[in-house]
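S.K.: Hey, dropping work.txt in here, compact mmCIF, C-alpha atoms and all ligand atoms:
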# COMPACT_ATOMS: atom_id res chain seq x y z
CA MET A 1 -2.85 34.30 -13.27
CA ARG A 2 -2.68 30.65 -14.36
CA ARG A 3 -1.11 28.37 -11.75
CA LEU A 4 0.68 25.07 -12.31
CA GLY A 5 -2.20 23.14 -10.75
CA ASP A 6 -4.69 24.43 -13.37
CA ASP A 7 -3.15 22.17 -16.02
CA ILE A 8 -2.86 19.01 -13.95
CA THR A 9 -5.34 16.24 -14.79
CA LEU A 10 -6.00 12.95 -13.01
CA ALA A 11 -5.24 11.14 -16.29
CA ASP A 12 -1.74 12.70 -16.46
CA LEU A 13 -1.10 11.83 -12.82
CA GLU A 14 -2.21 8.24 -13.38
CA LEU A 15 0.10 7.88 -16.35
CA ASP A 16 3.31 9.41 -15.02
CA PRO A 17 3.21 11.57 -11.88
CA ASP A 18 7.00 11.97 -11.51
CA PRO A 19 7.68 14.86 -13.95
CA ILE A 20 4.62 16.70 -12.63
CA MET A 21 5.78 16.25 -9.04
CA ALA A 22 9.31 17.44 -9.94
CA ARG A 23 7.88 20.69 -11.32
CA LEU A 24 5.67 21.20 -8.29
CA ARG A 25 8.57 20.61 -5.87
CA ALA A 26 10.65 23.17 -7.75
CA ASP A 27 8.06 25.90 -8.39
CA GLU A 28 4.87 25.44 -6.36
CA PRO A 29 5.40 22.91 -3.55
CA VAL A 30 1.97 23.58 -2.03
CA CYS A 31 -0.32 23.68 -5.04
CA TRP A 32 -4.10 23.81 -5.48
CA VAL A 33 -5.24 21.35 -8.16
CA PRO A 34 -8.78 22.14 -9.33
CA ALA A 35 -9.18 18.76 -11.08
CA LEU A 36 -8.72 17.00 -7.72
CA GLU A 37 -10.29 19.76 -5.61
CA MET A 38 -7.38 19.51 -3.18
CA TRP A 39 -3.93 20.85 -2.38
CA LEU A 40 -0.94 18.73 -3.35
CA VAL A 41 2.03 19.07 -0.96
CA THR A 42 5.19 17.74 -2.56
CA ARG A 43 8.28 18.53 -0.42
CA TRP A 44 9.57 16.24 2.35
CA ASP A 45 9.65 18.89 5.11
CA ASP A 46 6.09 20.07 4.46
CA VAL A 47 4.61 16.56 4.37
CA ALA A 48 6.58 15.66 7.53
CA PHE A 49 5.02 18.74 9.17
CA MET A 50 1.51 17.66 8.08
CA GLU A 51 2.08 14.16 9.41
CA ALA A 52 3.35 15.48 12.76
CA HIS A 53 0.26 17.67 13.24
CA PRO A 54 -2.96 15.65 13.09
CA GLU A 55 -4.64 18.45 15.09
CA LEU A 56 -4.16 20.69 12.00
CA PHE A 57 -4.48 18.03 9.28
CA SER A 58 -7.26 15.63 10.24
CA ALA A 59 -7.79 12.13 8.84
CA ALA A 60 -11.52 12.47 9.59
CA THR A 61 -12.20 14.10 6.23
CA GLU A 62 -15.63 15.15 5.03
CA PRO A 63 -16.51 13.81 2.50
CA SER A 64 -14.63 10.52 2.90
CA LEU A 65 -14.78 7.86 0.20
CA LEU A 66 -12.97 5.55 2.62
CA ALA A 67 -15.59 5.88 5.36
CA ARG A 68 -18.40 5.52 2.81
CA ALA A 69 -16.91 2.38 1.26
CA LEU A 70 -15.76 0.63 4.46
CA GLY A 71 -17.56 2.26 7.38
CA PRO A 72 -15.70 4.53 9.84
CA ASN A 73 -12.28 3.02 10.65
CA MET A 74 -8.84 3.83 12.11
CA LEU A 75 -7.82 5.69 8.96
CA THR A 76 -10.84 7.99 9.16
CA CYS A 77 -10.28 9.19 12.73
CA ASP A 78 -7.66 11.10 14.74
CA PRO A 79 -5.97 10.63 18.14
CA PRO A 80 -7.10 9.85 20.83
CA GLU A 81 -9.74 7.58 19.19
CA HIS A 82 -7.16 6.49 16.65
CA THR A 83 -4.59 5.67 19.34
CA ARG A 84 -7.02 3.34 21.12
CA LEU A 85 -7.79 1.45 17.89
CA GLN A 86 -4.13 1.30 16.94
CA GLN A 87 -3.24 -0.25 20.31
CA ILE A 88 -5.84 -2.97 19.76
CA MET A 89 -5.14 -3.62 16.08
CA GLN A 90 -1.34 -3.48 15.95
CA PRO A 91 -0.05 -6.47 18.00
CA PRO A 92 -1.06 -9.28 15.57
CA PHE A 93 0.91 -7.51 12.83
CA GLN A 94 4.12 -7.30 14.86
CA PRO A 95 6.84 -10.00 14.90
CA GLY A 96 5.67 -11.06 18.40
CA GLY A 97 2.08 -11.66 17.21
CA ARG A 98 0.39 -13.96 14.69
CA SER A 99 2.37 -12.40 11.84
CA GLY A 100 5.69 -13.46 13.41
CA SER A 101 4.84 -17.18 13.61
CA PHE A 102 3.16 -17.01 10.20
CA VAL A 103 6.25 -15.54 8.53
CA SER A 104 8.68 -17.97 10.15
CA ASP A 105 6.56 -21.14 9.74
CA GLU A 106 4.08 -20.75 6.87
CA LEU A 107 4.74 -17.94 4.40
CA ALA A 108 7.47 -19.68 2.37
CA SER A 109 5.41 -22.82 1.98
CA ILE A 110 2.40 -20.83 0.67
CA ALA A 111 4.76 -19.24 -1.87
CA ASP A 112 6.17 -22.64 -2.87
CA THR A 113 2.71 -24.17 -3.25
CA LEU A 114 1.65 -21.32 -5.54
CA LEU A 115 4.84 -21.71 -7.59
CA ASP A 116 4.02 -25.43 -8.03
CA THR A 117 0.91 -24.41 -9.97
CA VAL A 118 2.36 -21.86 -12.44
CA ASP A 119 3.34 -22.81 -15.97
CA PRO A 120 7.13 -22.28 -16.06
CA ALA A 121 6.95 -21.67 -19.81
CA GLY A 122 4.97 -18.48 -19.24
CA PHE A 123 2.75 -16.95 -16.56
CA ASP A 124 1.48 -13.64 -15.24
CA LEU A 125 3.54 -13.04 -12.12
CA MET A 126 0.98 -10.56 -10.75
CA ALA A 127 -2.23 -12.59 -11.15
CA ASP A 128 -0.79 -16.09 -10.75
CA TYR A 129 1.60 -15.44 -7.89
CA ALA A 130 2.00 -12.02 -6.21
CA GLN A 131 -1.72 -11.37 -5.78
CA LEU A 132 -2.50 -14.84 -4.42
CA LEU A 133 0.47 -14.78 -2.06
CA SER A 134 -0.59 -11.40 -0.63
CA ALA A 135 -4.21 -12.49 -0.32
CA GLY A 136 -3.22 -15.80 1.28
CA ALA A 137 -0.85 -14.16 3.77
CA LEU A 138 -3.39 -11.62 5.02
CA ALA A 139 -6.21 -14.19 5.03
CA THR A 140 -4.14 -16.51 7.22
CA VAL A 141 -3.06 -13.83 9.69
CA LEU A 142 -6.63 -12.54 10.00
CA GLY A 143 -8.15 -16.04 10.28
CA LEU A 144 -10.22 -15.86 7.07
CA ASP A 145 -8.19 -18.31 4.95
CA HIS A 146 -11.01 -20.90 4.85
CA HIS A 147 -12.73 -18.59 2.31
CA GLY A 148 -9.91 -19.13 -0.22
CA TYR A 149 -7.42 -16.66 -1.67
CA ASP A 150 -9.55 -15.86 -4.74
CA GLN A 151 -12.44 -14.78 -2.53
CA MET A 152 -10.08 -12.47 -0.58
CA TRP A 153 -8.94 -10.91 -3.83
CA GLU A 154 -12.55 -10.47 -4.96
CA TRP A 155 -13.42 -8.66 -1.71
CA CYS A 156 -10.33 -6.50 -2.10
CA THR A 157 -11.13 -5.44 -5.68
CA GLY A 158 -14.80 -4.76 -4.86
CA LEU A 159 -13.90 -2.51 -1.92
CA CYS A 160 -11.13 -0.73 -3.83
CA ALA A 161 -13.43 -0.01 -6.81
CA ASP A 162 -15.68 1.97 -4.49
CA ILE A 163 -12.85 3.66 -2.56
CA ALA A 164 -11.53 5.06 -5.87
CA ASN A 165 -15.03 5.91 -7.15
CA PHE A 166 -14.32 9.64 -7.55
CA GLY A 167 -16.97 10.00 -10.29
CA ASN A 168 -19.75 8.27 -8.29
CA ASP A 169 -20.16 5.55 -10.93
CA PRO A 170 -23.21 3.47 -9.79
CA LYS A 171 -21.65 0.22 -11.08
CA LEU A 172 -18.54 0.71 -8.93
CA ALA A 173 -20.69 1.71 -5.96
CA GLN A 174 -22.70 -1.50 -6.40
CA ALA A 175 -19.54 -3.65 -6.61
CA GLY A 176 -18.36 -1.98 -3.40
CA GLU A 177 -21.69 -2.56 -1.64
CA ILE A 178 -21.70 -6.25 -2.55
CA ALA A 179 -18.12 -6.75 -1.31
CA LYS A 180 -18.75 -4.68 1.81
CA ALA A 181 -21.84 -6.71 2.76
CA SER A 182 -20.49 -10.18 1.98
CA LEU A 183 -17.16 -9.51 3.72
CA GLY A 184 -19.04 -7.97 6.66
CA GLU A 185 -21.02 -11.22 7.05
CA ALA A 186 -17.86 -13.36 6.85
CA ILE A 187 -16.12 -11.27 9.54
CA THR A 188 -19.20 -11.29 11.74
CA ARG A 189 -19.34 -15.11 11.54
CA ARG A 190 -15.64 -15.27 12.38
CA ILE A 191 -16.15 -12.98 15.40
CA ALA A 192 -18.93 -15.27 16.64
CA ASP A 193 -16.77 -18.39 16.55
CA SER A 194 -13.34 -16.98 17.27
CA ALA A 195 -12.94 -18.79 20.58
CA VAL A 196 -9.30 -19.48 21.30
CA ASP A 197 -6.74 -19.04 18.59
CA ASP A 198 -4.03 -16.52 17.82
CA THR A 199 -5.45 -15.07 14.58
CA ALA A 200 -5.82 -11.31 14.35
CA ILE A 201 -9.63 -11.32 14.47
CA SER A 202 -9.59 -13.41 17.68
CA TRP A 203 -7.07 -10.98 19.12
CA PHE A 204 -9.30 -7.98 18.34
CA VAL A 205 -12.26 -9.71 20.05
CA ARG A 206 -10.21 -10.54 23.15
CA ASP A 207 -8.75 -7.07 23.29
CA GLY A 208 -12.15 -5.42 23.51
CA ALA A 209 -12.90 -4.04 20.02
CA THR A 210 -16.62 -3.86 19.23
CA PRO A 211 -17.97 -6.02 16.36
CA GLU A 212 -18.48 -2.88 14.25
CA GLU A 213 -14.89 -1.72 14.86
CA ILE A 214 -13.59 -5.16 13.89
CA VAL A 215 -15.71 -5.38 10.73
CA ASN A 216 -14.78 -1.91 9.47
CA ASN A 217 -11.08 -2.15 10.28
CA VAL A 218 -10.72 -5.64 8.78
CA ARG A 219 -12.36 -4.22 5.65
CA LEU A 220 -9.67 -1.50 5.71
CA MET A 221 -6.91 -4.10 6.10
CA ILE A 222 -8.24 -6.13 3.17
CA SER A 223 -8.65 -3.06 0.94
CA GLY A 224 -5.03 -1.93 1.58
CA GLY A 225 -3.13 -4.98 2.76
CA ILE A 226 -3.33 -7.12 -0.40
CA ASN A 227 -2.70 -4.70 -3.28
CA GLU A 228 0.37 -3.21 -1.68
CA PRO A 229 2.52 -6.29 -0.98
CA ARG A 230 1.35 -7.55 -4.40
CA ASP A 231 2.63 -4.38 -6.07
CA GLY A 232 5.78 -4.51 -3.94
CA ILE A 233 6.60 -8.05 -5.15
CA GLY A 234 5.87 -7.05 -8.76
CA LEU A 235 7.96 -3.87 -8.59
CA VAL A 236 10.97 -5.60 -6.99
CA ILE A 237 10.87 -8.42 -9.58
CA HIS A 238 10.49 -5.84 -12.35
CA VAL A 239 13.66 -4.09 -11.14
CA VAL A 240 15.56 -7.37 -10.70
CA LEU A 241 14.64 -8.51 -14.24
CA SER A 242 15.37 -5.20 -15.92
CA ARG A 243 18.62 -4.37 -14.05
CA PRO A 244 21.21 -7.16 -14.50
CA ASP A 245 23.69 -5.14 -12.40
CA LEU A 246 21.37 -5.15 -9.37
CA ARG A 247 20.45 -8.79 -9.96
CA SER A 248 24.15 -9.75 -9.86
CA GLU A 249 24.61 -7.68 -6.72
CA ILE A 250 21.87 -9.49 -4.78
CA GLU A 251 22.94 -12.87 -6.15
CA ALA A 252 26.45 -12.22 -4.88
CA SER A 253 25.21 -10.86 -1.59
CA PRO A 254 21.65 -12.07 -0.78
CA ALA A 255 21.42 -9.91 2.34
CA LYS A 256 21.28 -6.90 0.00
CA LEU A 257 17.78 -7.93 -1.10
CA ARG A 258 16.40 -6.10 1.95
CA ARG A 259 18.13 -2.91 0.80
CA LEU A 260 16.83 -3.37 -2.71
CA ILE A 261 13.28 -3.73 -1.36
CA GLU A 262 13.60 -0.46 0.59
CA GLU A 263 14.98 1.37 -2.43
CA VAL A 264 12.17 0.04 -4.64
CA PHE A 265 9.59 1.14 -2.05
CA ARG A 266 11.22 4.57 -2.01
CA VAL A 267 11.59 5.10 -5.76
CA TYR A 268 8.18 3.66 -6.76
CA THR A 269 6.14 4.42 -3.59
CA PRO A 270 3.11 2.16 -4.26
CA VAL A 271 0.76 4.26 -2.03
CA GLY A 272 0.94 7.74 -3.53
CA THR A 273 -0.64 10.08 -1.00
CA VAL A 274 -1.99 10.71 2.49
CA THR A 275 -5.11 12.86 2.32
CA ARG A 276 -6.17 15.06 5.22
CA GLN A 277 -8.44 18.05 5.92
CA ALA A 278 -7.36 21.40 7.37
CA THR A 279 -9.01 21.85 10.78
CA ARG A 280 -8.59 25.67 10.64
CA ASP A 281 -7.25 28.43 8.41
CA LEU A 282 -3.46 27.94 8.34
CA GLU A 283 -0.26 28.54 6.40
CA LEU A 284 1.95 25.81 4.97
CA ALA A 285 5.24 26.85 3.35
CA GLY A 286 3.86 30.39 3.14
CA VAL A 287 0.66 29.34 1.33
CA SER A 288 -2.75 30.08 2.90
CA ILE A 289 -4.98 27.05 3.30
CA ARG A 290 -8.57 27.43 4.45
CA GLN A 291 -10.35 25.42 7.11
CA GLY A 292 -12.07 22.46 5.43
CA ASP A 293 -9.71 22.29 2.44
CA LEU A 294 -8.50 18.81 1.52
CA VAL A 295 -4.70 18.57 1.59
CA SER A 296 -2.82 15.66 0.08
CA GLY A 297 0.76 14.91 1.11
CA VAL A 298 2.38 13.20 -1.87
CA LEU A 299 4.53 10.37 -0.50
CA ARG A 300 5.82 9.52 -3.96
CA SER A 301 7.11 13.05 -4.35
CA VAL A 302 8.78 13.34 -0.95
CA ASN A 303 10.57 10.05 -1.58
CA LEU A 304 12.18 11.71 -4.63
CA ASP A 305 12.74 15.15 -3.09
CA GLU A 306 16.16 16.40 -4.25
CA THR A 307 16.57 18.43 -1.06
CA HIS A 308 16.26 15.28 1.04
CA TRP A 309 17.97 12.57 -1.06
CA THR A 310 21.18 12.40 -3.10
CA ASP A 311 20.42 11.29 -6.70
CA PRO A 312 16.88 10.41 -5.63
CA THR A 313 15.87 8.45 -8.72
CA GLU A 314 18.91 6.12 -8.43
CA ILE A 315 18.41 2.75 -6.75
CA ASP A 316 21.46 2.72 -4.50
CA LEU A 317 21.96 -0.35 -2.31
CA ASP A 318 24.53 1.51 -0.21
CA ARG A 319 22.32 4.52 0.52
CA ARG A 320 22.48 5.68 4.15
CA GLU A 321 20.05 8.61 4.29
CA GLY A 322 17.43 7.39 6.73
CA SER A 323 14.10 5.72 6.14
CA HIS A 324 11.72 6.62 3.33
CA ALA A 325 8.05 7.64 3.51
CA ALA A 326 6.45 4.77 1.56
CA PHE A 327 4.70 3.59 4.74
CA ALA A 328 3.88 7.21 5.73
CA LEU A 329 5.43 9.27 8.53
CA GLY A 330 2.79 10.06 11.14
CA ALA A 331 0.11 8.61 13.41
CA HIS A 332 -1.37 6.56 10.56
CA ARG A 333 1.94 4.98 9.57
CA CYS A 334 1.14 1.60 8.01
CA LEU A 335 -0.16 -0.99 10.45
CA GLY A 336 0.95 -3.88 8.24
CA GLU A 337 4.44 -2.52 7.54
CA TRP A 338 6.38 -5.40 9.09
CA LEU A 339 4.19 -8.12 7.58
CA GLY A 340 4.10 -6.41 4.17
CA ARG A 341 7.90 -6.18 4.03
CA GLN A 342 8.26 -9.89 4.88
CA GLU A 343 5.71 -10.85 2.20
CA VAL A 344 7.71 -8.96 -0.41
CA ARG A 345 11.04 -10.39 0.77
CA VAL A 346 9.89 -14.01 1.02
CA GLY A 347 7.83 -13.72 -2.19
CA VAL A 348 10.86 -12.49 -4.13
CA GLU A 349 13.30 -14.94 -2.49
CA ARG A 350 11.12 -17.97 -3.23
CA ILE A 351 10.45 -17.20 -6.87
CA LEU A 352 14.11 -16.45 -7.61
CA ALA A 353 15.19 -19.61 -5.78
CA ARG A 354 12.71 -21.75 -7.70
CA PHE A 355 13.34 -20.13 -11.09
CA PRO A 356 16.91 -18.78 -11.22
CA GLU A 357 16.46 -18.24 -14.97
CA LEU A 358 13.32 -16.10 -14.52
CA ARG A 359 13.07 -13.40 -17.20
CA MET A 360 10.46 -11.25 -18.93
CA ALA A 361 8.52 -13.16 -21.60
CA ASP A 362 9.59 -12.26 -25.15
CA GLY A 363 7.94 -9.03 -26.27
CA ALA A 364 6.29 -8.47 -22.85
CA ASP A 365 6.24 -4.92 -21.59
CA VAL A 366 5.50 -3.98 -17.98
CA GLU A 367 3.02 -1.16 -17.69
CA ILE A 368 3.34 0.62 -14.34
CA ARG A 369 0.38 2.92 -13.77
CA GLY A 370 -1.47 4.79 -11.07
CA PHE A 371 -1.21 7.86 -8.86
CA GLU A 372 -2.91 6.83 -5.62
CA PHE A 373 -1.95 3.17 -6.08
CA ARG A 374 0.97 2.52 -8.40
CA GLY A 375 2.13 -0.87 -9.58
CA PRO A 376 2.37 -3.21 -12.57
CA ARG A 377 -1.00 -4.30 -13.96
CA ALA A 378 0.42 -7.57 -15.30
CA MET A 379 3.89 -9.05 -15.74
CA PHE A 380 4.37 -11.90 -18.18
CA VAL A 381 7.48 -13.90 -17.32
CA THR A 382 9.05 -17.15 -18.43
CA THR A 383 11.67 -19.48 -17.08
CA SER A 384 12.72 -20.93 -20.44
CA PRO A 385 16.13 -19.88 -21.80
CA SER A 386 16.32 -16.90 -24.18
CA PRO A 387 16.03 -17.93 -27.85
C1 LIG A 401 3.76 -3.68 1.84
C2 LIG A 401 3.21 -2.69 1.30
C3 LIG A 401 2.40 -1.63 2.01
C4 LIG A 401 2.52 -0.28 1.80
C5 LIG A 401 3.48 0.40 0.84
C6 LIG A 401 1.56 0.37 2.67
C7 LIG A 401 1.41 1.75 2.77
C8 LIG A 401 0.61 2.38 3.69
C9 LIG A 401 0.51 3.82 3.86
C10 LIG A 401 1.28 4.85 3.05
C11 LIG A 401 -0.37 4.06 4.85
C12 LIG A 401 -0.82 5.44 5.39
C13 LIG A 401 -2.11 5.88 4.72
C14 LIG A 401 -2.58 7.23 5.18
O1 LIG A 401 -2.08 7.77 6.16
O2 LIG A 401 -3.50 7.78 4.53
C15 LIG A 401 -0.86 2.78 5.32
C16 LIG A 401 -1.79 2.63 6.34
C17 LIG A 401 -2.33 1.40 6.67
N1 LIG A 401 -1.97 0.16 6.20
FE1 LIG A 401 -0.49 -0.23 4.84
N2 LIG A 401 0.87 -0.57 3.36
C18 LIG A 401 1.36 -1.82 3.01
C19 LIG A 401 0.94 -3.05 3.53
C20 LIG A 401 -0.09 -3.23 4.43
C21 LIG A 401 -0.52 -4.51 4.94
C22 LIG A 401 0.05 -5.88 4.59
C23 LIG A 401 -1.57 -4.27 5.78
C24 LIG A 401 -2.33 -5.33 6.52
C25 LIG A 401 -2.89 -5.19 7.65
C26 LIG A 401 -1.78 -2.83 5.83
C27 LIG A 401 -2.73 -2.16 6.58
C28 LIG A 401 -2.76 -0.79 6.78
C29 LIG A 401 -3.70 -0.13 7.71
C30 LIG A 401 -4.76 -0.81 8.56
C31 LIG A 401 -3.41 1.25 7.64
C32 LIG A 401 -4.07 2.36 8.44
C33 LIG A 401 -3.23 2.63 9.68
C34 LIG A 401 -3.77 3.73 10.56
O3 LIG A 401 -4.73 4.41 10.19
O4 LIG A 401 -3.20 3.92 11.64
N3 LIG A 401 -0.85 -2.24 4.99
N4 LIG A 401 -0.24 1.78 4.59
Translate the structure described by the file into structure tokens.

M.R.:
Amino acid sequence: MRRLGDDITLADLELDPDPIMARLRADEPVCWVPALEMWLVTRWDDVAFMEAHPELFSAATEPSLLARALGPNMLTCDPPEHTRLQQIMQPPFQPGGRSGSFVSDELASIADTLLDTVDPAGFDLMADYAQLLSAGALATVLGLDHHGYDQMWEWCTGLCADIANFGNDPKLAQAGEIAKASLGEAITRRIADSAVDDTAISWFVRDGATPEEIVNNVRLMISGGINEPRDGIGLVIHVVLSRPDLRSEIEASPAKLRRLIEEVFRVYTPVGTVTRQATRDLELAGVSIRQGDLVSGVLRSVNLDETHWTDPTEIDLDRREGSHAAFALGAHRCLGEWLGRQEVRVGVERILARFPELRMADGADVEIRGFEFRGPRAMFVTTSPSP
């Protein structure tokens, strides 16, 4: 018998996963997809169960593109090893660590400096602003800002090319190797001279992480911690510019921007999945899964699950239904969650304050693509009045 998963292709998922996910939630919520060689799990309760049971659904998958591209890191291991790394790596990303002072004292001025350089008549909000702001923020918190924001972005794209290298393309593998090696050298130099300051890398050294742990986990942070706030800024601005009703609501009541950001994270879910491996034969929602099978919890789907949310596709600034899953739900919940949220908030606040007339450039269309990582590729905007 043909199953729903037999007809699912990566190309369709990249283009528009939402209708596919809606069908899976309704008819086959735990579904084997031959094109991906993994199970897709699409309902909130089942993904919450996966996330609560790392002993059944391990992050130490075999094979692991993540471990190959970055070296073994906190996202490729389980508790208790994971817990130890999390305890070392988390403090600089909390409000009481380097991220807190950075957000209160420096983030807005980085945003303003970047906005000084854009051409108000027309610019690409993603490449000229959101990407550089995200790169600059993470570089500063880590203590790698002396390399420049463009270099951070280059490392990020090189690593990500290899992480998503499902077809083993040698060119992507080479780009990944180059980024991995050059970033590894930069981190190693930083470890050697990180005497006394409050940057994250100095913190990791003082808190007893080995050089290899620091190198691999900083690679992980750079591969995930730049694209996501960048996409978050782009998605929130896209919604503000295309929904005059929501724009008026946050203009009238600026505190509602935080709610808008959460709703955009929920509805668009920039990181699509959490991928794990079954540690033994088991059943999930009545479906038999074999030991060793890869199982992907689809965060984008659970954030739109009709059994969990009222009118899930609506952006509702008065929604009171608990937190969403865009930063995941379990042991590997995003390490940079607090910092990432602040980057999106300050990034959006500063650009709207500087350019209150910001609008999409004439004829510009925003293409939002991706399954694993979903966001606008480019966003051409202008601040000149409509013709
Ligand atoms: C603001 C947008 C962001 C979103 C939507 C996001 C989303 C996520 C998600 C869904 C995970 C879980 C992945 C999994 O379990 O497979 C994760 C993990 C992670 N994120 Fe983020 N992230 C964001 C920003 C950041 C930033 C700014 C950093 C910078 C340090 C960061 C660093 C990490 C790390 C290191 C992990 C692995 C945590 C662990 O294994 O315990 N993220 N993120």

S.K.: Of the residues A:Thr140, A:Glu28, A:Phe380, A:Tyr129, which is the one nearest to Thr117 in chain A, using only C-alpha atoms?

M.R.: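 Comparing A:Thr140, A:Glu28, A:Phe380, A:Tyr129 against Thr117 in chain A, the winner is A:Tyr129.
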
S.K.: I'd like the neighbourhood of range 206-223 of chain A as a count of residues only, where a residue qualifies if any of its atoms comes within 7 Å (using all atoms listed in the file), though same-chain residues fewer than 6 positions away should be ignored.

M.R.: 12

S.K.: In Å to one decimal, how far is CA of Ile8 in chain A from CA of Thr76 in chain A?

M.R.: 26.8 Å

S.K.: Enumerate residues in contact with ligand LIG 401 (chain A): an atom-to-atom distance of at most 7 Å, counting all atoms listed in the file. Format the result as a ChimeraX atom specification.

M.R.: /A:74-75,82,86,93,138,217,220-222,224-226,228-229,232,265,269-271,273-275,326-328,331-337,339-341,344

S.K.: Smallest atom-to-atom distance to Val103 in chain A: which of A:Met50, A:Val141, A:Leu246, A:Leu36, using only C-alpha atoms?

M.R.: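 Going through A:Met50, A:Val141, A:Leu246, A:Leu36 one by one, the smallest distance to Val103 in chain A is for A:Val141.
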
S.K.: Counting all atoms listed in the file, which residue out of A:Asp150, A:Asp197, A:Glu263, A:Asp112 sits closest to Ala353 in chain A?

M.R.: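 When distances to Ala353 in chain A are compared using all atoms listed in the file, the smallest one comes from A:Asp112.
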
S.K.: Go through A:Asp316, A:Gly97, A:Thr157, A:Glu249 one by one, measure the shortest atom-to-atom distance of each to Ser202 in chain A using all atoms listed in the file, and give the residue with the smallest value.

M.R.: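 Ranked by minimum distance to Ser202 in chain A, first place goes to A:Gly97.
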
S.K.: Set up a box along x, y and z of the file covering all listed atoms of range 54-58 of chain A, add 5 Å on every one of the six sides, and write the centre and edge lengths in Å to one decimal, as JSON.

M.R.:
{"center_x": -5.1, "center_y": 18.2, "center_z": 12.2, "size_x": 14.3, "size_y": 15.1, "size_z": 15.8}

S.K.: For Leu304 in chain A, which residue out of A:Val267, A:Val33, A:Ile289, A:Ala121 is the nearest one, using all atoms listed in the file?

M.R.: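 For Leu304 in chain A, the nearest of the candidates is A:Val267.
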
S.K.: Give me, please, the distance in Å between CA of Glu62 in chain A and CA of Val41 in chain A, quoted to one decimal.

M.R.: 19.1 Å

S.K.: Which polymer residues have any atom within 12 Å of an atom of Thr9 in chain A, counting all atoms listed in the file, with same-chain residues fewer than 6 positions away left out, as a ChimeraX atom specification?

M.R.: /A:15-17,20,33-37,371

S.K.: I'd like the contact shell of Val118 in chain A - 10 Å cut-off, only C-alpha atoms, skipping same-chain residues fewer than 6 positions apart - returned as a list in words.

M.R.: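 Once the adjacent positions are removed, what remains is Asp124, Leu125, Asp128 and Tyr129 of chain A.
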
S.K.: Write a file of the just-selected residues containing C-alpha atoms, as a tab-separated table (two decimals), in the frame of the given file.

M.R.:
chain	number	residue	atom	x	y	z
A	124	ASP	CA	1.48	-13.64	-15.24
A	125	LEU	CA	3.54	-13.04	-12.12
A	128	ASP	CA	-0.79	-16.09	-10.75
A	129	TYR	CA	1.60	-15.44	-7.89

S.K.: Let me make sure I understand: among A:Leu85, A:Leu235, A:Ala22, A:Leu294, which one has the smallest atom-to-atom distance to Leu56 in chain A if we use all atoms listed in the file?

M.R.: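 That would be A:Leu294, the residue with the smallest distance to Leu56 in chain A.
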
S.K.: Grab the CA of Leu13 in chain A to CA of Gly370 in chain A distance for me, in Å with one decimal place.

M.R.: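 One can read the CA of Leu13 in chain A to CA of Gly370 in chain A distance as 7.3 Å.
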